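Shown next: coords24.pdb, containing PDB, C-alpha atoms.
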```pdb
ATOM      1  CA  MET A   1     -73.741 -46.552  18.727
ATOM      2  CA  ILE A   2     -75.253 -47.601  15.426
ATOM      3  CA  ASP A   3     -77.590 -45.172  13.672
ATOM      4  CA  ALA A   4     -81.213 -46.324  13.271
ATOM      5  CA  ASN A   5     -80.918 -46.017   9.460
ATOM      6  CA  SER A   6     -77.654 -47.956   9.270
ATOM      7  CA  ARG A   7     -77.374 -51.177   7.320
ATOM      8  CA  TYR A   8     -75.813 -52.633  10.479
ATOM      9  CA  ARG A   9     -78.679 -51.796  12.869
ATOM     10  CA  SER A  10     -79.877 -55.404  13.058
ATOM     11  CA  VAL A  11     -76.412 -56.984  13.137
ATOM     12  CA  GLY A  12     -75.365 -58.304  16.501
ATOM     13  CA  THR A  13     -72.126 -57.655  18.326
ATOM     14  CA  ALA A  14     -69.564 -59.916  19.931
ATOM     15  CA  THR A  15     -66.424 -59.528  22.007
ATOM     16  CA  ILE A  16     -63.003 -61.020  21.493
ATOM     17  CA  GLU A  17     -60.119 -60.923  23.902
ATOM     18  CA  ALA A  18     -56.804 -59.738  22.457
ATOM     19  CA  GLU A  19     -53.468 -61.268  23.454
ATOM     20  CA  ASN A  20     -52.895 -58.413  25.903
ATOM     21  CA  GLY A  21     -56.191 -59.193  27.656
ATOM     22  CA  ARG A  22     -58.026 -56.206  26.207
ATOM     23  CA  LYS A  23     -61.608 -56.948  25.198
ATOM     24  CA  VAL A  24     -62.571 -55.724  21.720
ATOM     25  CA  LEU A  25     -66.194 -55.268  20.684
ATOM     26  CA  TYR A  26     -66.984 -55.927  17.022
ATOM     27  CA  LEU A  27     -69.981 -56.288  14.719
ATOM     28  CA  HIS A  28     -71.013 -59.600  13.243
ATOM     29  CA  ARG A  29     -70.755 -59.884   9.501
ATOM     30  CA  ARG A  30     -73.719 -58.501   7.568
ATOM     31  CA  MET A  31     -74.908 -60.867   4.863
ATOM     32  CA  LEU A  32     -76.545 -59.373   1.792
ATOM     33  CA  PRO A  33     -80.218 -60.224   1.550
ATOM     34  CA  PRO A  34     -81.348 -61.688  -1.783
ATOM     35  CA  ALA A  35     -82.634 -58.883  -4.005
ATOM     36  CA  SER A  36     -85.789 -60.930  -4.543
ATOM     37  CA  SER A  37     -86.594 -60.548  -0.832
ATOM     38  CA  ILE A  38     -86.732 -56.738  -1.103
ATOM     39  CA  LEU A  39     -90.333 -55.830  -1.736
ATOM     40  CA  SER A  40     -91.826 -52.828  -3.485
ATOM     41  CA  THR A  41     -88.962 -52.053  -5.800
ATOM     42  CA  ARG A  42     -89.136 -49.825  -8.810
ATOM     43  CA  THR A  43     -86.745 -49.329 -11.695
ATOM     44  CA  VAL A  44     -85.072 -45.983 -12.154
ATOM     45  CA  GLU A  45     -83.983 -45.182 -15.689
ATOM     46  CA  ALA A  46     -81.612 -42.573 -17.078
ATOM     47  CA  ILE A  47     -78.799 -43.047 -14.575
ATOM     48  CA  SER A  48     -75.580 -41.910 -16.214
ATOM     49  CA  GLU A  49     -72.133 -43.368 -15.555
ATOM     50  CA  ALA A  50     -71.035 -39.981 -14.224
ATOM     51  CA  GLN A  51     -73.463 -40.136 -11.285
ATOM     52  CA  ARG A  52     -72.440 -41.386  -7.867
ATOM     53  CA  LEU A  53     -74.751 -43.763  -6.095
ATOM     54  CA  ASP A  54     -75.174 -41.450  -3.100
ATOM     55  CA  LEU A  55     -76.446 -38.741  -5.475
ATOM     56  CA  VAL A  56     -78.831 -41.188  -7.122
ATOM     57  CA  SER A  57     -80.046 -42.221  -3.672
ATOM     58  CA  TRP A  58     -80.629 -38.580  -2.726
ATOM     59  CA  ALA A  59     -82.510 -37.887  -5.962
ATOM     60  CA  VAL A  60     -84.862 -40.872  -5.813
ATOM     61  CA  MET A  61     -85.108 -41.654  -2.085
ATOM     62  CA  GLY A  62     -84.309 -38.328  -0.412
ATOM     63  CA  ASP A  63     -81.443 -39.855   1.587
ATOM     64  CA  ALA A  64     -77.862 -39.911   0.318
ATOM     65  CA  PHE A  65     -76.856 -42.351   3.064
ATOM     66  CA  ALA A  66     -79.393 -44.944   1.869
ATOM     67  CA  PHE A  67     -77.250 -45.904  -1.136
ATOM     68  CA  TRP A  68     -76.709 -49.307   0.517
ATOM     69  CA  ARG A  69     -80.424 -50.063   0.087
ATOM     70  CA  ILE A  70     -80.006 -49.628  -3.674
ATOM     71  CA  CYS A  71     -76.994 -51.947  -3.536
ATOM     72  CA  ASP A  72     -79.061 -54.573  -1.702
ATOM     73  CA  ALA A  73     -81.917 -54.297  -4.221
ATOM     74  CA  ASN A  74     -79.437 -54.928  -7.054
ATOM     75  CA  ASP A  75     -77.401 -57.745  -5.406
ATOM     76  CA  ALA A  76     -74.341 -55.496  -5.442
ATOM     77  CA  LEU A  77     -71.435 -55.372  -3.022
ATOM     78  CA  ASP A  78     -69.556 -52.560  -4.753
ATOM     79  CA  PRO A  79     -71.531 -49.313  -5.042
ATOM     80  CA  PHE A  80     -69.004 -47.820  -7.465
ATOM     81  CA  GLU A  81     -69.413 -50.547 -10.060
ATOM     82  CA  LEU A  82     -73.177 -50.694  -9.657
ATOM     83  CA  VAL A  83     -73.907 -47.517 -11.615
ATOM     84  CA  HIS A  84     -71.440 -48.376 -14.359
ATOM     85  CA  GLU A  85     -72.668 -51.929 -14.935
ATOM     86  CA  ARG A  86     -76.435 -51.403 -15.066
ATOM     87  CA  ASN A  87     -76.700 -49.471 -18.354
ATOM     88  CA  GLY A  88     -78.645 -46.687 -16.693
ATOM     89  CA  ARG A  89     -81.152 -48.950 -14.889
ATOM     90  CA  LEU A  90     -81.309 -49.566 -11.164
ATOM     91  CA  ARG A  91     -83.848 -51.259  -8.938
ATOM     92  CA  VAL A  92     -84.687 -48.917  -6.062
ATOM     93  CA  PRO A  93     -86.578 -49.970  -2.936
ATOM     94  CA  SER A  94     -89.668 -47.983  -2.087
ATOM     95  CA  GLY A  95     -90.537 -46.789   1.386
ATOM     96  CA  SER A  96     -88.326 -46.562   4.423
ATOM     97  CA  ALA A  97     -85.605 -48.972   5.486
TER      98      ALA A  97
END
```

Would you kindly transcribe this structure into structure tokens?
Amino acid sequence: MIDANSRYRSVGTATIEAENGRKVLYLHRRMLPPASSILSTRTVEAISEAQRLDLVSWAVMGDAFAFWRICDANDALDPFELVHERNGRLRVPSGSA
């Protein structure tokens, strides 16, 4: 079951049959939305390279598991590089997912 706050909640599923006849359920690929489509963003300053994105997410959004929303708002696939490449500035979505 996919959590209601998961980035995969709106991704569909499909089934494939393995060579041994076993059916395997999998998730469709999740495509990143364009950052410009994410409304109500704000810029957070003073993010240091030493901070992890889950800690930033907790500090500004109150949810450590919502780090993926910050990634989406910054057109980033890799959350580890995101903090290091933004010179202390991140776009953070406002409101709930």

Pull out every residue that the PyMOL selection byres ((chain A and resi 68) around 10) matches in the shown coordinates and put them as a PDB file with C-alpha atoms, in the coordinates of the input.
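Below is the file that was written, out13.pdb:
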```pdb
ATOM      1  CA  SER A   6     -77.654 -47.956   9.270  1.00  0.00           C
ATOM      2  CA  ARG A   7     -77.374 -51.177   7.320  1.00  0.00           C
ATOM      3  CA  LEU A  53     -74.751 -43.763  -6.095  1.00  0.00           C
ATOM      4  CA  ASP A  54     -75.174 -41.450  -3.100  1.00  0.00           C
ATOM      5  CA  SER A  57     -80.046 -42.221  -3.672  1.00  0.00           C
ATOM      6  CA  ALA A  64     -77.862 -39.911   0.318  1.00  0.00           C
ATOM      7  CA  PHE A  65     -76.856 -42.351   3.064  1.00  0.00           C
ATOM      8  CA  ALA A  66     -79.393 -44.944   1.869  1.00  0.00           C
ATOM      9  CA  PHE A  67     -77.250 -45.904  -1.136  1.00  0.00           C
ATOM     10  CA  ARG A  69     -80.424 -50.063   0.087  1.00  0.00           C
ATOM     11  CA  ILE A  70     -80.006 -49.628  -3.674  1.00  0.00           C
ATOM     12  CA  CYS A  71     -76.994 -51.947  -3.536  1.00  0.00           C
ATOM     13  CA  ASP A  72     -79.061 -54.573  -1.702  1.00  0.00           C
ATOM     14  CA  ALA A  73     -81.917 -54.297  -4.221  1.00  0.00           C
ATOM     15  CA  ASN A  74     -79.437 -54.928  -7.054  1.00  0.00           C
ATOM     16  CA  ALA A  76     -74.341 -55.496  -5.442  1.00  0.00           C
ATOM     17  CA  LEU A  77     -71.435 -55.372  -3.022  1.00  0.00           C
ATOM     18  CA  ASP A  78     -69.556 -52.560  -4.753  1.00  0.00           C
ATOM     19  CA  PRO A  79     -71.531 -49.313  -5.042  1.00  0.00           C
TER      20      PRO A  79
END
```

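Reported to one decimal place, the separation of atom CA of A:Ser37 from atom CA of A:Glu81 is 21.9 Å.
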
Apply the PyMOL selection byres ((chain A and resi 25-34) around 8) to the file shown and report the selected residues as a JSON list (two decimals) with C-alpha atoms, keeping the file's coordinate frame.
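Output file selection_9.json follows:
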```json
[["chain", "number", "residue", "atom", "x", "y", "z"],
["A", 8, "TYR", "CA", -75.81, -52.63, 10.48],
["A", 11, "VAL", "CA", -76.41, -56.98, 13.14],
["A", 12, "GLY", "CA", -75.36, -58.30, 16.50],
["A", 13, "THR", "CA", -72.13, -57.66, 18.33],
["A", 14, "ALA", "CA", -69.56, -59.92, 19.93],
["A", 15, "THR", "CA", -66.42, -59.53, 22.01],
["A", 16, "ILE", "CA", -63.00, -61.02, 21.49],
["A", 23, "LYS", "CA", -61.61, -56.95, 25.20],
["A", 24, "VAL", "CA", -62.57, -55.72, 21.72],
["A", 35, "ALA", "CA", -82.63, -58.88, -4.00],
["A", 36, "SER", "CA", -85.79, -60.93, -4.54],
["A", 37, "SER", "CA", -86.59, -60.55, -0.83],
["A", 38, "ILE", "CA", -86.73, -56.74, -1.10],
["A", 72, "ASP", "CA", -79.06, -54.57, -1.70],
["A", 73, "ALA", "CA", -81.92, -54.30, -4.22],
["A", 75, "ASP", "CA", -77.40, -57.74, -5.41]]
```

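Atom CA of A:Gly62 to atom CA of A:Arg42 spans 15.0 Å [interatomic distance, one decimal].
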
*Calculate how many Å separate atom CA of A:Val56 from atom CA of A:Val83, rounding to one decimal.*
9.2 Å

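Between A:Phe80 and the residues A:Leu55, A:Arg9, A:Ala4, A:Asn20, the shortest atom-to-atom distance, using all atoms listed in the file, involves A:Leu55.
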
Exactly which residues make up the result of the PyMOL selection byres ((chain A and resi 92) around 7) on this file, given as a tab-separated table (two decimals) with C-alpha atoms, keeping the file's coordinate frame?
```
chain	number	residue	atom	x	y	z
A	41	THR	CA	-88.96	-52.05	-5.80
A	42	ARG	CA	-89.14	-49.82	-8.81
A	43	THR	CA	-86.74	-49.33	-11.70
A	44	VAL	CA	-85.07	-45.98	-12.15
A	70	ILE	CA	-80.01	-49.63	-3.67
A	73	ALA	CA	-81.92	-54.30	-4.22
A	90	LEU	CA	-81.31	-49.57	-11.16
A	91	ARG	CA	-83.85	-51.26	-8.94
A	93	PRO	CA	-86.58	-49.97	-2.94
A	94	SER	CA	-89.67	-47.98	-2.09
```

Write out N, CA and C atoms for stretch 14-35 of chain A, as a tab-separated table (two decimals), in the frame of the given file.
```tsv
chain	number	residue	atom	x	y	z
A	14	ALA	N	-70.26	-58.89	19.16
A	14	ALA	CA	-69.56	-59.92	19.93
A	14	ALA	C	-68.29	-59.29	20.49
A	15	THR	N	-67.66	-60.00	21.39
A	15	THR	CA	-66.42	-59.53	22.01
A	15	THR	C	-65.35	-60.59	21.84
A	16	ILE	N	-64.15	-60.13	21.57
A	16	ILE	CA	-63.00	-61.02	21.49
A	16	ILE	C	-61.93	-60.47	22.43
A	17	GLU	N	-61.18	-61.36	23.01
A	17	GLU	CA	-60.12	-60.92	23.90
A	17	GLU	C	-58.79	-60.97	23.16
A	18	ALA	N	-58.11	-59.83	23.12
A	18	ALA	CA	-56.80	-59.74	22.46
A	18	ALA	C	-55.74	-60.41	23.32
A	19	GLU	N	-54.56	-60.61	22.73
A	19	GLU	CA	-53.47	-61.27	23.45
A	19	GLU	C	-53.08	-60.53	24.74
A	20	ASN	N	-53.25	-59.20	24.72
A	20	ASN	CA	-52.90	-58.41	25.90
A	20	ASN	C	-54.01	-58.38	26.95
A	21	GLY	N	-55.09	-59.12	26.71
A	21	GLY	CA	-56.19	-59.19	27.66
A	21	GLY	C	-57.28	-58.16	27.42
A	22	ARG	N	-57.04	-57.24	26.51
A	22	ARG	CA	-58.03	-56.21	26.21
A	22	ARG	C	-59.20	-56.82	25.46
A	23	LYS	N	-60.41	-56.46	25.87
A	23	LYS	CA	-61.61	-56.95	25.20
A	23	LYS	C	-61.98	-55.97	24.08
A	24	VAL	N	-62.26	-56.53	22.90
A	24	VAL	CA	-62.57	-55.72	21.72
A	24	VAL	C	-63.97	-56.09	21.25
A	25	LEU	N	-64.83	-55.09	21.17
A	25	LEU	CA	-66.19	-55.27	20.68
A	25	LEU	C	-66.19	-55.13	19.17
A	26	TYR	N	-66.90	-56.02	18.48
A	26	TYR	CA	-66.98	-55.93	17.02
A	26	TYR	C	-68.38	-56.33	16.56
A	27	LEU	N	-68.69	-55.95	15.32
A	27	LEU	CA	-69.98	-56.29	14.72
A	27	LEU	C	-69.88	-57.62	14.00
A	28	HIS	N	-70.95	-58.39	14.05
A	28	HIS	CA	-71.01	-59.60	13.24
A	28	HIS	C	-71.05	-59.22	11.77
A	29	ARG	N	-70.73	-60.13	10.94
A	29	ARG	CA	-70.76	-59.88	9.50
A	29	ARG	C	-72.19	-59.70	9.03
A	30	ARG	N	-72.39	-58.74	8.14
A	30	ARG	CA	-73.72	-58.50	7.57
A	30	ARG	C	-73.79	-59.22	6.23
A	31	MET	N	-74.72	-60.13	6.11
A	31	MET	CA	-74.91	-60.87	4.86
A	31	MET	C	-75.91	-60.10	3.99
A	32	LEU	N	-75.62	-60.04	2.71
A	32	LEU	CA	-76.54	-59.37	1.79
A	32	LEU	C	-77.83	-60.18	1.67
A	33	PRO	N	-78.96	-59.51	1.77
A	33	PRO	CA	-80.22	-60.22	1.55
A	33	PRO	C	-80.40	-60.45	0.05
A	34	PRO	N	-81.08	-61.51	-0.35
A	34	PRO	CA	-81.35	-61.69	-1.78
A	34	PRO	C	-82.21	-60.53	-2.28
A	35	ALA	N	-81.87	-60.01	-3.45
A	35	ALA	CA	-82.63	-58.88	-4.00
A	35	ALA	C	-84.11	-59.24	-4.14
```
